[in-house]
>>> print(open('final11.cif').read())   # mmCIF, C-alpha atoms
data_entry
#
loop_
_atom_site.label_atom_id
_atom_site.label_comp_id
_atom_site.auth_asym_id
_atom_site.auth_seq_id
_atom_site.Cartn_x
_atom_site.Cartn_y
_atom_site.Cartn_z
CA MET A 1 92.89 147.40 72.33
CA ILE A 2 91.73 143.83 72.76
CA VAL A 3 88.16 142.59 72.35
CA HIS A 4 88.03 139.19 73.99
CA THR A 5 85.10 137.10 72.77
CA ALA A 6 86.77 133.66 72.73
CA ALA A 7 85.27 131.22 75.22
CA VAL A 8 83.95 127.76 75.86
CA THR A 9 80.24 128.62 75.78
CA SER A 10 78.58 125.21 75.83
CA ILE A 11 77.21 124.27 79.23
CA ALA A 12 77.86 120.58 78.55
CA GLU A 13 81.38 121.06 77.18
CA ALA A 14 82.34 123.30 80.07
CA SER A 15 81.39 120.57 82.55
CA LEU A 16 83.07 117.78 80.61
CA ASP A 17 86.55 119.31 80.86
CA THR A 18 86.67 121.92 83.58
CA GLU A 19 90.45 122.29 83.37
CA TYR A 20 90.33 123.12 79.65
CA THR A 21 87.38 125.45 80.30
CA ARG A 22 89.35 127.20 82.99
CA ARG A 23 92.33 127.70 80.66
CA VAL A 24 90.14 129.15 77.91
CA ASN A 25 87.58 131.05 79.98
CA VAL A 26 89.77 132.33 82.82
CA GLU A 27 93.49 132.11 82.08
CA ALA A 28 93.36 133.38 78.48
CA PRO A 29 91.43 136.55 79.38
CA ARG A 30 93.70 137.03 82.39
CA GLU A 31 96.70 136.90 80.03
CA ASN A 32 95.02 139.46 77.80
CA ALA A 33 94.36 141.71 80.78
CA MET A 34 98.01 141.44 81.82
CA TRP A 35 99.08 142.42 78.33
CA CYS A 36 96.68 145.38 78.33
CA ALA A 37 97.89 146.54 81.73
CA ALA A 38 101.51 146.35 80.58
CA ASN A 39 100.84 148.14 77.30
CA ASN A 40 98.34 150.76 78.42
CA ALA A 41 95.67 149.20 76.21
CA ARG A 42 91.92 148.90 76.66
CA LEU A 43 90.21 145.52 77.12
CA VAL A 44 86.61 144.66 76.31
CA HIS A 45 85.79 141.25 77.73
CA PHE A 46 82.60 139.30 77.07
CA SER A 47 80.86 137.51 79.92
CA THR A 48 77.32 136.18 80.31
CA ASP A 49 74.04 136.32 82.21
CA PHE A 50 74.81 132.77 83.37
CA ILE A 51 76.79 134.26 86.27
CA PHE A 52 73.34 134.80 87.88
CA ASP A 53 71.00 132.17 89.32
CA GLY A 54 68.02 132.63 87.02
CA THR A 55 65.48 134.10 89.39
CA ARG A 56 65.01 137.65 88.10
CA ARG A 57 64.46 139.63 84.91
CA ASP A 58 65.96 142.91 86.10
CA TRP A 59 69.49 142.11 87.24
CA LYS A 60 71.69 145.12 87.79
CA GLU A 61 75.47 145.07 87.32
CA THR A 62 75.98 145.27 91.08
CA ASP A 63 73.64 142.41 92.02
CA GLN A 64 74.91 139.33 93.77
CA SER A 65 76.04 136.61 91.38
CA GLY A 66 75.12 132.94 91.77
CA PRO A 67 76.14 130.78 88.81
CA LEU A 68 74.40 127.42 88.43
CA SER A 69 76.95 125.77 86.15
CA ASP A 70 80.66 125.20 85.64
CA TYR A 71 80.32 127.47 82.61
CA GLY A 72 78.79 130.28 84.67
CA ARG A 73 81.36 129.86 87.41
CA SER A 74 84.22 130.04 84.90
CA LYS A 75 82.85 133.25 83.38
CA LEU A 76 82.36 134.82 86.80
CA GLU A 77 85.95 133.96 87.62
CA SER A 78 87.04 135.47 84.30
CA GLU A 79 85.33 138.74 85.19
CA LYS A 80 87.16 138.93 88.50
CA ALA A 81 90.44 138.04 86.78
CA VAL A 82 90.30 140.77 84.14
CA LEU A 83 88.84 143.48 86.38
CA SER A 84 91.48 142.92 89.05
CA THR A 85 94.34 142.77 86.52
CA SER A 86 93.78 145.77 84.27
CA GLU A 87 92.03 149.01 85.18
CA ASN A 88 91.06 149.99 81.65
CA THR A 89 88.62 147.11 81.27
CA VAL A 90 84.97 146.77 80.30
CA VAL A 91 83.08 143.55 80.96
CA ILE A 92 79.99 143.10 78.81
CA ARG A 93 77.28 140.69 79.90
CA PRO A 94 74.83 139.84 77.10
CA ILE A 95 71.97 137.31 77.05
CA LEU A 96 71.37 134.58 74.43
CA VAL A 97 73.22 136.31 71.59
CA TYR A 98 71.91 135.74 68.06
CA GLY A 99 72.61 136.81 64.51
CA TYR A 100 73.84 135.40 61.23
CA HIS A 101 77.12 135.25 59.38
CA ALA A 102 77.69 133.12 56.29
CA ASP A 103 80.68 131.15 57.59
CA LEU A 104 79.73 130.57 61.18
CA VAL A 105 80.69 127.09 62.35
CA ARG A 106 77.89 126.73 64.88
CA PRO A 107 74.35 128.01 64.36
CA ASN A 108 72.83 130.12 67.11
CA PHE A 109 69.26 129.64 68.28
CA PRO A 110 67.15 131.38 65.60
CA ILE A 111 69.34 129.99 62.82
CA LEU A 112 69.00 126.48 64.24
CA VAL A 113 65.23 126.91 64.35
CA ALA A 114 65.15 128.27 60.80
CA GLU A 115 67.30 125.42 59.47
CA LYS A 116 65.24 122.71 61.11
CA LEU A 117 61.85 124.15 60.21
CA SER A 118 63.04 124.72 56.64
CA ARG A 119 63.66 120.98 56.41
CA GLY A 120 60.26 120.21 57.91
CA ASP A 121 61.80 118.84 61.12
CA ARG A 122 59.83 118.98 64.32
CA MET A 123 61.35 120.68 67.37
CA SER A 124 60.60 120.45 71.08
CA ILE A 125 61.28 123.79 72.75
CA THR A 126 61.16 124.77 76.41
CA SER A 127 58.45 127.23 77.29
CA ASP A 128 59.43 127.79 80.91
CA GLN A 129 62.82 129.46 80.41
CA TYR A 130 62.67 133.21 79.89
CA ARG A 131 65.31 135.44 78.33
CA MET A 132 65.95 138.90 76.90
CA PRO A 133 67.92 137.88 73.76
CA THR A 134 70.68 140.15 72.47
CA TYR A 135 71.20 140.86 68.78
CA ALA A 136 74.88 140.65 67.79
CA GLY A 137 74.51 143.71 65.58
CA ASP A 138 73.51 145.82 68.56
CA LEU A 139 76.38 144.35 70.57
CA SER A 140 78.97 145.13 67.92
CA ARG A 141 77.84 148.76 67.75
CA ALA A 142 78.17 148.95 71.53
CA VAL A 143 81.75 147.70 71.27
CA ALA A 144 82.49 150.36 68.65
CA SER A 145 81.14 153.06 70.94
CA LEU A 146 83.27 151.78 73.82
CA ILE A 147 86.58 152.05 71.97
CA ASP A 148 87.24 155.65 72.91
CA HIS A 149 84.89 155.77 75.89
CA SER A 150 86.15 156.34 79.41
CA PHE A 151 83.77 153.84 81.01
CA THR A 152 85.31 150.93 82.91
CA GLY A 153 83.56 148.14 84.79
CA VAL A 154 80.59 145.88 84.05
CA LEU A 155 77.81 146.67 81.56
CA HIS A 156 74.56 144.75 81.08
CA LEU A 157 73.52 144.65 77.41
CA CYS A 158 70.42 142.80 76.23
CA GLY A 159 67.48 143.30 73.91
CA PRO A 160 64.24 145.02 74.93
CA ASP A 161 62.00 141.94 74.61
CA TYR A 162 61.38 139.48 77.43
CA LEU A 163 60.04 136.14 76.20
CA ASN A 164 60.33 132.42 76.70
CA ILE A 165 62.31 130.19 74.37
CA MET A 166 59.19 128.76 72.76
CA GLU A 167 57.92 132.27 72.03
CA PHE A 168 61.31 133.11 70.55
CA ALA A 169 61.15 130.06 68.27
CA THR A 170 57.59 130.88 67.24
CA LEU A 171 58.65 134.42 66.38
CA VAL A 172 61.47 133.04 64.24
CA ALA A 173 58.97 130.84 62.40
CA GLU A 174 56.73 133.82 61.76
CA ARG A 175 59.47 136.18 60.56
CA PHE A 176 61.04 133.50 58.35
CA ASP A 177 57.65 132.36 56.93
CA LEU A 178 58.06 128.87 58.36
CA ASP A 179 55.53 126.55 59.97
CA PRO A 180 55.19 127.16 63.74
CA GLU A 181 53.05 124.00 63.98
CA LEU A 182 56.33 122.06 63.84
CA LEU A 183 57.20 123.47 67.26
CA THR A 184 56.12 121.69 70.45
CA ALA A 185 56.36 123.36 73.84
CA ILE A 186 57.93 121.30 76.62
CA GLU A 187 59.02 121.86 80.19
CA THR A 188 62.68 122.00 81.17
CA VAL A 189 64.15 118.73 82.39
CA VAL A 190 67.60 118.70 83.99
CA ARG A 191 69.09 115.22 83.61
CA ASP A 192 71.43 113.62 86.15
CA GLY A 193 74.91 115.07 85.82
CA GLU A 194 73.74 118.05 83.82
CA ASP A 195 74.23 121.63 84.96
CA ALA A 196 71.08 123.72 85.26
CA ARG A 197 70.39 126.77 83.12
CA PRO A 198 68.81 129.91 84.50
CA MET A 199 65.00 129.73 84.29
CA ILE A 200 64.52 133.49 84.21
CA SER A 201 67.10 135.91 82.92
CA GLY A 202 66.86 139.58 82.10
CA PHE A 203 68.78 142.78 82.73
CA ASP A 204 68.21 146.29 83.85
CA THR A 205 70.15 148.10 81.12
CA SER A 206 69.77 151.62 82.47
CA LEU A 207 73.51 151.95 83.12
CA ALA A 208 74.26 151.12 79.48
CA ALA A 209 71.51 153.48 78.31
CA ASN A 210 73.01 156.32 80.34
CA THR A 211 76.61 155.46 79.45
CA ILE A 212 76.63 154.52 75.75
CA ASP A 213 73.04 155.32 74.72
CA TRP A 214 72.20 151.62 74.56
CA ASP A 215 68.94 151.46 72.62
CA PRO A 216 68.58 147.96 71.15
CA GLN A 217 66.18 147.19 68.35
CA PRO A 218 62.98 145.17 68.90
CA ILE A 219 63.50 141.47 68.36
CA SER A 220 61.11 141.31 65.40
CA ALA A 221 63.11 143.97 63.53
CA THR A 222 66.40 142.21 64.23
CA LEU A 223 65.02 138.88 63.03
CA ASP A 224 64.00 140.59 59.80
CA SER A 225 67.60 141.82 59.48
CA VAL A 226 68.90 138.32 60.10
CA ARG A 227 66.54 136.84 57.55
CA SER A 228 67.63 139.37 54.94
CA ILE A 229 71.22 138.11 55.09
CA TYR A 230 70.42 134.47 55.80
CA ARG A 231 71.08 132.26 52.80
CA LYS A 232 70.40 128.59 52.71
CA MET B 1 90.99 157.88 64.90
CA THR B 2 92.04 154.47 63.65
CA LYS B 3 92.83 151.96 66.39
CA ARG B 4 94.60 148.65 66.29
CA VAL B 5 92.24 146.04 67.69
CA LEU B 6 92.92 142.41 68.43
CA ILE B 7 89.75 140.32 68.45
CA THR B 8 89.84 136.88 70.04
CA GLY B 9 87.17 134.41 69.04
CA ALA B 10 86.85 136.11 65.67
CA SER B 11 85.36 133.00 64.10
CA GLY B 12 82.44 133.05 66.54
CA LEU B 13 79.20 134.98 66.24
CA ILE B 14 80.12 138.00 68.37
CA GLY B 15 83.65 138.04 66.98
CA ARG B 16 82.36 138.14 63.40
CA TYR B 17 79.97 140.99 64.05
CA VAL B 18 82.54 142.99 66.01
CA THR B 19 85.15 142.44 63.30
CA ASP B 20 82.79 143.68 60.59
CA GLU B 21 81.66 146.65 62.67
CA LEU B 22 85.14 147.85 63.61
CA ALA B 23 86.57 147.19 60.15
CA SER B 24 83.80 149.33 58.67
CA ASP B 25 84.94 152.10 61.02
CA HIS B 26 88.43 151.74 59.47
CA HIS B 27 90.04 150.26 62.54
CA LEU B 28 92.88 147.81 61.94
CA ILE B 29 91.79 144.34 62.96
CA LEU B 30 93.89 141.36 63.95
CA SER B 31 92.15 138.13 64.83
CA SER B 32 93.89 135.91 67.32
CA ARG B 33 93.25 132.50 65.84
CA GLY B 34 96.36 130.47 66.54
CA ARG B 35 98.12 133.54 67.80
CA PHE B 36 98.45 133.00 71.54
CA PRO B 37 100.52 134.38 73.07
CA LEU B 38 99.94 137.79 71.59
CA PRO B 39 102.47 139.04 69.05
CA ALA B 40 105.14 140.96 70.89
CA ASP B 41 104.95 143.89 68.51
CA PHE B 42 101.23 144.45 68.86
CA SER B 43 101.68 147.79 70.56
CA HIS B 44 104.41 149.02 68.24
CA SER B 45 104.00 151.37 65.35
CA SER B 46 105.26 148.70 62.97
CA PHE B 47 102.12 146.70 63.61
CA ASP B 48 100.26 146.92 60.32
CA ILE B 49 98.20 143.77 59.91
CA SER B 50 94.84 145.00 58.71
CA ARG B 51 92.97 141.74 58.81
CA THR B 52 93.90 138.11 59.15
CA ASP B 53 91.64 135.17 59.69
#
>>> encode(input="final11.cif", output="structure tokens")
Amino acid sequence: MIVHTAAVTSIAEASLDTEYTRRVNVEAPRENAMWCAANNARLVHFSTDFIFDGTRRDWKETDQSGPLSDYGRSKLESEKAVLSTSENTVVIRPILVYGYHADLVRPNFPILVAEKLSRGDRMSITSDQYRMPTYAGDLSRAVASLIDHSFTGVLHLCGPDYLNIMEFATLVAERFDLDPELLTAIETVVRDGEDARPMISGFDTSLAANTIDWDPQPISATLDSVRSIYRK
Amino acid sequence: MTKRVLITGASGLIGRYVTDELASDHHLILSSRGRFPLPADFSHSSFDISRTD
């Protein structure tokens, strides 16, 4: 079995070198799918909500895609590549994944907020982009349940809470006992040459609930879990 | 039943969590850092790498 999580995930980096992004985000998973098909192995491939256009909070797996960025387009292409190459494949689409591990190279959103607020730094956070963030702990348990499962195809996995990025940051401040007054809400500005991010993004996870009993924890509980292992 | 699982992107957030979760279930984990293309013997019974990173 292969679990393919490797990807160029930065919107900016994906646009800067689209050929490299294509090799990493499309050709590498295609190679993995070819290997799985040849060796009768299962593939779990990670994609993203950025394959949609950011206009709904209840996307189903079968809804029409509409990526706004080179990153989103590369991930959509990766989905088509793996699904058309190997039958025994699951594509997982999460949203704004977060968690904590001691030796992570790049901090994810709540960790970035916690680090900056811990130093007393001010942060400007968009309040007009909405997400249903996904806790990595819930995701990893879903992968474990998919190992011996017969399901193939696309699964939407996200947390139960729908909130904007400013609300997410404020919740981090509260759960980590940090000062939310350091946070300033701003509106999204897309600069010239920049790819847009989805303004609204959320999933209907009923397929996952029916298939693997997807029942993610509330975001406040997961942030408490993250804080308990977060060391600075 | 123990499975042999190759995890790409094992140094990233999802990869770390998945590695820990599957290792705790006693699956044999191989991370792919610097290992493309895949090792030819991945599907063979001689494959016995429990965890590399």
>>> atom_distance(input="final11.cif", atom1="CA of Pro67 (chain A)", atom2="CA of Ile165 (chain A)")
20.0 Å
>>> resolve_selection(input="final11.cif", expression="the PyMOL selection byres ((chain A) within 9 of (chain B))", output="PyMOL selection string")
chain A and resi 1-7+28+31-32+35+39+41+97-101+103-108+136-137+139-141+143-144+147
>>> closest_residue(input="final11.cif", among="A:Glu115, A:Asp177, A:Asp213, A:Glu79", to="Gly153 (chain A)", atoms="all atoms listed in the file")
A:Glu79
>>> atom_distance(input="final11.cif", atom1="CA of Leu96 (chain A)", atom2="CA of Gly159 (chain A)")
9.6 Å
>>> atom_distance(input="final11.cif", atom1="CA of Arg23 (chain A)", atom2="CA of Phe46 (chain A)")
15.6 Å
>>> residues_around(input="final11.cif", residues="Thr48 (chain A)", least_positions_apart="5", cutoff="8 Å", atoms="only C-alpha atoms", output="VMD selection string")
chain A and resid 72 75 92 to 95
>>> closest_residue(input="final11.cif", among="A:Tyr20, A:Ser145, A:Tyr135, A:Thr62", to="Pro218 (chain A)", atoms="all atoms listed in the file")
A:Tyr135
